[in-house]
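Peer 1: Attaching a single structure in structure tokens format; questions to follow.
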Amino acid sequence: MNIIDNKEIFEEQLEKAGKFHGDICGGIVIGTKLAIYVLGKLGMELNQKNKDLIVFLEIDRCMSDAVQAVTGCSMGKRSLKQMNYGKFAASFYKISTGEAFRVTDVDANSKEKRDETTEEMIERFKKTPSDELFSLQPVEIILDENELPGSPRDKVFCASCNEKIMDGKQIIMGGKSFCKSCAEGSYYRIL
Ligand SMILES: [Zn+2]
Ligand SMILES: [Zn+2]
């Protein structure tokens with residue numbers, strides 16, 4: 001069955017994403033439609049454990065919650081990666097085939113602002129074909145083995161703070177392994 005632009009499927013997934021996020025805002029509508037669109041393009045199904053999928057998010061706003069809810073990908077399963085580019089885009093990577101698409105939100109990348117309410121936007125998104133709302137590019141994902149789901153491939157201890165570093169995230173300096181916090185400075189300061 002073609003899941004793209006199917007009204008019932010959209011409503012069902014929108015409800016799921018709204019529950020996960022707390023409400024159905026504009027970003028949830030966009031993210032839901034976007035996630036169904038790319039899953040459809042990859043020939044993947046909804047409402048099942050997509051163990052064959054990794055999603056790379058480029059933004060940490062409402063849209064991202066819908067992508068998580070619809071795909072079932074999560075950080076804890078290592079199937080959801082936050083790239084933090086601050087861009088309304090995401091890439092969907094099918095592990096078994098290496099096939100991947102990067103998708104962007106056409107509205108968000110338009111310099112002209114639309115004059116419409118959230119309700120009007122939601123209605124427009126329901127009616128407009130996904131091909132017009134999103135821009136899709138086939139991409140090659142450059143993936144480190146340490147980024148894959150499954151058991152950890154690498155564990156070391158930081159030479160400075162002695163805390164354990166998983167999955168190859170250490171930085172080597174002078175032949176020693178350091179955590180990013182010790183090597184590059186941290187988001188926190190110990191009081
Ligand atoms: Zn929201
Ligand atoms: Zn450290």
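So you can find residues: chains in the structure tokens are A, B, ... in the order shown, residues in each start at 1, and ligands are numbered from 1 in order.
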Write out as a ChimeraX atom specification the residues lying within 7 Å of segment 182-191 of chain A, counting only C-alpha atoms and excluding same-chain residues fewer than 4 positions away.
Peer 2: /A:160,171,178
Peer 1: How would you write, as an NGL selection string, the set of residues in chain A that DSSP gives as helix (DSSP H, G or I)?
Peer 2: :A and (7-21 or 26-41 or 62-71 or 118-127 or 130-133 or 145-147 or 180-184)
Peer 1: Taking the chain letters and numbering used in this document, name the residues of chain A that DSSP puts in strand (DSSP E), as an MDAnalysis selection string.
Peer 2: chainID A and resid 53:57 80:82 89:94 100:105 134:138 155:157 164:166 171:173 176:178
Peer 1: With N, CA, C and O atoms retained, export the selected residues as a CSV table (one decimal), in the first residue's frame.
Peer 2:
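Output file selection-v7.csv is given in full below:
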```
chain,number,residue,atom,x,y,z
A,53,LEU,N,16.4,1.2,10.1
A,53,LEU,CA,16.3,2.6,9.8
A,53,LEU,C,17.1,3.5,10.8
A,53,LEU,O,16.9,3.3,12.0
A,54,ILE,N,17.9,4.4,10.3
A,54,ILE,CA,18.5,5.4,11.2
A,54,ILE,C,18.0,6.8,10.6
A,54,ILE,O,18.1,7.0,9.4
A,55,VAL,N,17.5,7.7,11.5
A,55,VAL,CA,17.1,9.0,11.1
A,55,VAL,C,18.1,10.0,11.6
A,55,VAL,O,18.4,10.0,12.8
A,56,PHE,N,18.6,10.9,10.8
A,56,PHE,CA,19.5,12.0,11.2
A,56,PHE,C,18.7,13.3,11.2
A,56,PHE,O,18.2,13.7,10.1
A,57,LEU,N,18.5,13.8,12.4
A,57,LEU,CA,17.7,15.1,12.5
A,57,LEU,C,18.7,16.2,12.4
A,57,LEU,O,19.7,16.2,13.0
A,80,LEU,N,18.2,7.3,16.2
A,80,LEU,CA,17.9,8.7,15.9
A,80,LEU,C,19.1,9.6,16.3
A,80,LEU,O,19.6,9.5,17.5
A,81,LYS,N,19.6,10.3,15.3
A,81,LYS,CA,20.9,11.1,15.6
A,81,LYS,C,20.5,12.5,15.5
A,81,LYS,O,19.9,13.0,14.5
A,82,GLN,N,20.9,13.3,16.5
A,82,GLN,CA,20.7,14.7,16.4
A,82,GLN,C,22.0,15.4,15.9
A,82,GLN,O,23.0,15.5,16.6
A,89,ALA,N,15.5,20.0,8.3
A,89,ALA,CA,15.8,18.9,7.4
A,89,ALA,C,16.1,17.6,8.2
A,89,ALA,O,16.4,17.7,9.4
A,90,ALA,N,16.0,16.5,7.5
A,90,ALA,CA,16.4,15.2,8.2
A,90,ALA,C,16.8,14.2,7.0
A,90,ALA,O,16.3,14.4,5.9
A,91,SER,N,17.6,13.3,7.4
A,91,SER,CA,17.9,12.2,6.4
A,91,SER,C,17.5,10.9,7.0
A,91,SER,O,17.6,10.6,8.2
A,92,PHE,N,16.9,10.0,6.1
A,92,PHE,CA,16.5,8.7,6.5
A,92,PHE,C,17.4,7.7,5.8
A,92,PHE,O,17.5,7.7,4.6
A,93,TYR,N,18.0,6.8,6.6
A,93,TYR,CA,19.0,5.9,6.1
A,93,TYR,C,18.5,4.4,6.3
A,93,TYR,O,18.3,4.0,7.4
A,94,LYS,N,18.4,3.7,5.2
A,94,LYS,CA,18.0,2.3,5.3
A,94,LYS,C,19.3,1.5,5.4
A,94,LYS,O,20.1,1.4,4.4
A,100,ALA,N,19.5,6.1,1.0
A,100,ALA,CA,19.1,7.2,2.0
A,100,ALA,C,18.6,8.5,1.2
A,100,ALA,O,19.0,8.7,0.1
A,101,PHE,N,17.7,9.2,1.9
A,101,PHE,CA,17.1,10.4,1.4
A,101,PHE,C,17.3,11.5,2.4
A,101,PHE,O,17.0,11.3,3.6
A,102,ARG,N,17.7,12.7,1.9
A,102,ARG,CA,17.6,13.9,2.8
A,102,ARG,C,16.4,14.7,2.3
A,102,ARG,O,16.2,14.9,1.2
A,103,VAL,N,15.6,15.1,3.3
A,103,VAL,CA,14.4,15.8,3.0
A,103,VAL,C,14.4,17.1,3.7
A,103,VAL,O,14.9,17.3,4.8
A,104,THR,N,13.9,18.2,3.0
A,104,THR,CA,13.8,19.5,3.6
A,104,THR,C,12.4,20.0,3.4
A,104,THR,O,11.7,19.6,2.5
A,105,ASP,N,12.1,20.9,4.3
A,105,ASP,CA,10.7,21.5,4.3
A,105,ASP,C,10.8,22.8,3.4
A,105,ASP,O,11.5,23.7,3.7
A,134,PHE,N,7.8,19.1,0.2
A,134,PHE,CA,9.2,18.7,0.6
A,134,PHE,C,10.1,18.6,-0.6
A,134,PHE,O,9.6,18.3,-1.7
A,135,SER,N,11.4,18.8,-0.3
A,135,SER,CA,12.4,18.6,-1.3
A,135,SER,C,13.2,17.4,-0.9
A,135,SER,O,13.6,17.3,0.2
A,136,LEU,N,13.3,16.4,-1.8
A,136,LEU,CA,13.9,15.1,-1.5
A,136,LEU,C,15.2,14.9,-2.3
A,136,LEU,O,15.2,15.1,-3.5
A,137,GLN,N,16.3,14.6,-1.6
A,137,GLN,CA,17.6,14.4,-2.4
A,137,GLN,C,18.1,13.0,-2.0
A,137,GLN,O,18.2,12.7,-0.8
A,138,PRO,N,18.4,12.2,-3.0
A,138,PRO,CA,19.1,10.9,-2.6
A,138,PRO,C,20.5,11.3,-2.1
A,138,PRO,O,21.2,12.1,-2.7
A,155,LYS,N,35.0,0.9,24.1
A,155,LYS,CA,34.9,1.5,25.5
A,155,LYS,C,36.3,1.9,25.9
A,155,LYS,O,37.1,1.0,25.9
A,156,VAL,N,36.5,3.1,26.4
A,156,VAL,CA,37.8,3.5,27.0
A,156,VAL,C,37.5,4.4,28.2
A,156,VAL,O,36.4,4.9,28.3
A,157,PHE,N,38.5,4.6,29.0
A,157,PHE,CA,38.4,5.5,30.1
A,157,PHE,C,39.2,6.8,29.8
A,157,PHE,O,40.3,6.7,29.2
A,164,LYS,N,34.1,6.6,31.9
A,164,LYS,CA,34.1,5.8,30.7
A,164,LYS,C,33.5,6.5,29.5
A,164,LYS,O,32.5,7.2,29.6
A,165,ILE,N,34.1,6.3,28.4
A,165,ILE,CA,33.6,6.9,27.1
A,165,ILE,C,33.2,5.7,26.2
A,165,ILE,O,34.1,4.8,25.9
A,166,MET,N,32.0,5.8,25.7
A,166,MET,CA,31.5,4.7,24.8
A,166,MET,C,31.6,5.1,23.4
A,166,MET,O,31.7,6.2,23.0
A,171,ILE,N,38.8,11.5,22.3
A,171,ILE,CA,39.7,12.3,21.4
A,171,ILE,C,41.1,11.9,21.9
A,171,ILE,O,41.4,11.9,23.1
A,172,ILE,N,41.9,11.6,20.9
A,172,ILE,CA,43.3,11.1,21.2
A,172,ILE,C,44.2,12.3,21.2
A,172,ILE,O,44.3,13.0,20.2
A,173,MET,N,44.9,12.5,22.3
A,173,MET,CA,46.0,13.6,22.3
A,173,MET,C,47.2,13.0,23.0
A,173,MET,O,47.1,12.4,24.1
A,176,LYS,N,47.0,9.5,24.3
A,176,LYS,CA,46.1,9.2,25.4
A,176,LYS,C,44.6,9.5,24.9
A,176,LYS,O,44.5,10.5,24.1
A,177,SER,N,43.7,8.8,25.5
A,177,SER,CA,42.3,9.1,25.2
A,177,SER,C,41.6,10.0,26.2
A,177,SER,O,41.8,9.9,27.4
A,178,PHE,N,41.0,11.0,25.7
A,178,PHE,CA,40.2,12.0,26.6
A,178,PHE,C,38.8,12.1,26.1
A,178,PHE,O,38.5,12.0,24.9
```
Peer 1: Step by step, measure atom-to-atom distances between ligand 1 and each residue using only C-alpha atoms and all ligand atoms, keep those at most 8 Å, then write them as a VMD selection string.
Peer 2: chain A and resid 21 to 28 61 to 63
Peer 1: What would the file look like if the residues just selected were written as an mmCIF file, in the first residue's frame with all heavy atoms?
Peer 2:
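Final output, part.cif:
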```cif
data_model
loop_
_atom_site.group_PDB
_atom_site.id
_atom_site.type_symbol
_atom_site.label_atom_id
_atom_site.label_comp_id
_atom_site.auth_asym_id
_atom_site.auth_seq_id
_atom_site.Cartn_x
_atom_site.Cartn_y
_atom_site.Cartn_z
ATOM 1 N N HIS A 21 4.090 14.523 21.517
ATOM 2 C CA HIS A 21 4.597 15.894 21.655
ATOM 3 C C HIS A 21 3.847 16.695 22.712
ATOM 4 O O HIS A 21 4.397 17.609 23.319
ATOM 5 C CB HIS A 21 4.470 16.588 20.297
ATOM 6 C CG HIS A 21 5.023 17.970 20.241
ATOM 7 N ND1 HIS A 21 6.344 18.243 20.510
ATOM 8 C CD2 HIS A 21 4.450 19.165 19.945
ATOM 9 C CE1 HIS A 21 6.549 19.559 20.373
ATOM 10 N NE2 HIS A 21 5.415 20.134 20.044
ATOM 11 N N GLY A 22 2.574 16.343 22.918
ATOM 12 C CA GLY A 22 1.756 17.085 23.876
ATOM 13 C C GLY A 22 0.644 17.870 23.217
ATOM 14 O O GLY A 22 -0.378 18.130 23.831
ATOM 15 N N ASP A 23 0.830 18.261 21.977
ATOM 16 C CA ASP A 23 -0.247 18.906 21.213
ATOM 17 C C ASP A 23 0.068 18.817 19.726
ATOM 18 O O ASP A 23 1.171 18.451 19.332
ATOM 19 C CB ASP A 23 -0.433 20.372 21.639
ATOM 20 C CG ASP A 23 0.767 21.240 21.262
ATOM 21 O OD1 ASP A 23 1.891 20.698 21.191
ATOM 22 O OD2 ASP A 23 0.590 22.442 21.032
ATOM 23 N N ILE A 24 -0.962 19.124 18.920
ATOM 24 C CA ILE A 24 -0.748 19.109 17.477
ATOM 25 C C ILE A 24 -0.513 20.543 17.013
ATOM 26 O O ILE A 24 -1.439 21.296 16.778
ATOM 27 C CB ILE A 24 -1.941 18.456 16.742
ATOM 28 C CG1 ILE A 24 -2.059 16.976 17.170
ATOM 29 C CG2 ILE A 24 -1.761 18.557 15.224
ATOM 30 C CD1 ILE A 24 -3.255 16.244 16.589
ATOM 31 N N CYS A 25 0.744 20.909 16.927
ATOM 32 C CA CYS A 25 1.102 22.256 16.460
ATOM 33 C C CYS A 25 1.551 22.137 14.995
ATOM 34 O O CYS A 25 1.579 21.047 14.431
ATOM 35 C CB CYS A 25 2.229 22.795 17.327
ATOM 36 S SG CYS A 25 3.694 21.778 17.253
ATOM 37 N N GLY A 26 1.907 23.265 14.411
ATOM 38 C CA GLY A 26 2.332 23.268 13.013
ATOM 39 C C GLY A 26 3.499 22.327 12.750
ATOM 40 O O GLY A 26 3.505 21.580 11.775
ATOM 41 N N GLY A 27 4.476 22.347 13.644
ATOM 42 C CA GLY A 27 5.665 21.511 13.470
ATOM 43 C C GLY A 27 5.342 20.024 13.473
ATOM 44 O O GLY A 27 5.974 19.234 12.764
ATOM 45 N N ILE A 28 4.353 19.649 14.280
ATOM 46 C CA ILE A 28 3.950 18.243 14.349
ATOM 47 C C ILE A 28 3.282 17.818 13.039
ATOM 48 O O ILE A 28 3.505 16.708 12.539
ATOM 49 C CB ILE A 28 3.019 18.015 15.576
ATOM 50 C CG1 ILE A 28 3.832 18.115 16.870
ATOM 51 C CG2 ILE A 28 2.279 16.683 15.498
ATOM 52 C CD1 ILE A 28 4.965 17.105 17.026
ATOM 53 N N ARG A 61 13.440 20.963 17.013
ATOM 54 C CA ARG A 61 12.181 21.668 17.253
ATOM 55 C C ARG A 61 11.007 20.699 17.064
ATOM 56 O O ARG A 61 11.235 19.527 16.794
ATOM 57 C CB ARG A 61 12.087 22.895 16.336
ATOM 58 C CG ARG A 61 13.141 23.924 16.707
ATOM 59 C CD ARG A 61 12.874 25.294 16.137
ATOM 60 N NE ARG A 61 13.790 26.252 16.758
ATOM 61 C CZ ARG A 61 13.512 26.957 17.856
ATOM 62 N NH1 ARG A 61 12.339 26.841 18.435
ATOM 63 N NH2 ARG A 61 14.408 27.765 18.372
ATOM 64 N N CYS A 62 9.778 21.224 17.202
ATOM 65 C CA CYS A 62 8.568 20.380 17.209
ATOM 66 C C CYS A 62 8.591 19.253 16.170
ATOM 67 O O CYS A 62 8.280 18.104 16.471
ATOM 68 C CB CYS A 62 7.329 21.231 16.979
ATOM 69 S SG CYS A 62 7.122 22.526 18.209
ATOM 70 N N MET A 63 8.958 19.611 14.940
ATOM 71 C CA MET A 63 9.005 18.662 13.832
ATOM 72 C C MET A 63 9.725 17.360 14.208
ATOM 73 O O MET A 63 9.327 16.268 13.817
ATOM 74 C CB MET A 63 9.747 19.364 12.689
ATOM 75 C CG MET A 63 9.837 18.624 11.413
ATOM 76 S SD MET A 63 10.907 19.564 10.264
ATOM 77 C CE MET A 63 12.257 18.409 10.153
#
```
Peer 1: Using only C-alpha atoms and all ligand atoms, I'd like a table of the residues in chain A that come within 7 Å of ligand 2; for each, show the closest atom pair and its distance in Å rounded to one decimal, ordered by chain and ascending number, as CSV.
Peer 2:
```
residue,atom,partner,partner_atom_place_in_ligand_line,distance
A:Cys158,CA,ligand 2,1 (Zn),4.7
A:Ala159,CA,ligand 2,1 (Zn),6.6
A:Ser160,CA,ligand 2,1 (Zn),5.0
A:Cys161,CA,ligand 2,1 (Zn),4.0
A:Asn162,CA,ligand 2,1 (Zn),6.1
A:Glu163,CA,ligand 2,1 (Zn),6.0
A:Phe178,CA,ligand 2,1 (Zn),5.3
A:Cys179,CA,ligand 2,1 (Zn),4.2
A:Lys180,CA,ligand 2,1 (Zn),6.8
A:Ser181,CA,ligand 2,1 (Zn),5.8
A:Cys182,CA,ligand 2,1 (Zn),4.4
```
Peer 1: Just checking: using only C-alpha atoms, which residue out of A:Ala69, A:Met44, A:Ile59, A:Ile4 ends up closest to Tyr85 of chain A?
Peer 2: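 Nearest to Tyr85 of chain A: A:Ile59.
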Peer 1: Calculate how many Å separate atom CA of Asn84 of chain A from atom CA of Glu58 of chain A, rounding to one decimal.
Peer 2: 5.0 Å
Peer 1: Go through A:Val106, A:Leu133, A:Ile122, A:Ile36 one by one, measure the shortest atom-to-atom distance of each to Ala66 of chain A using only C-alpha atoms, and give the residue with the smallest value.
Peer 2: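 Closest to Ala66 of chain A, using only C-alpha atoms: A:Ile36.
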Peer 1: Restricting the calculation to only C-alpha atoms: of A:Ala17, A:Leu143, A:Val29, A:Leu34, which residue gets closest to Asp131 of chain A?
Peer 2: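 Distance minimum relative to Asp131 of chain A lands on A:Leu34.
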Peer 1: Do you have the atom CA of Ser79 of chain A-atom CA of Glu140 of chain A distance handy?
Peer 2: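 Atom-to-atom, atom CA of Ser79 of chain A and atom CA of Glu140 of chain A are spaced 16.7 Å apart.
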Peer 1: Just how far from atom CA of Asn6 of chain A is atom CA of Lys127 of chain A, in Å to one decimal?
Peer 2: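 Result for atom CA of Lys127 of chain A versus atom CA of Asn6 of chain A: 10.1 Å, one decimal.
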Peer 1: Hey, which of A:Leu46, A:Thr71, A:Thr128, A:Asp167 ends up closest to Ser151 of chain A? Count only C-alpha atoms.
Peer 2: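 The answer is A:Asp167, which sits nearest to Ser151 of chain A.
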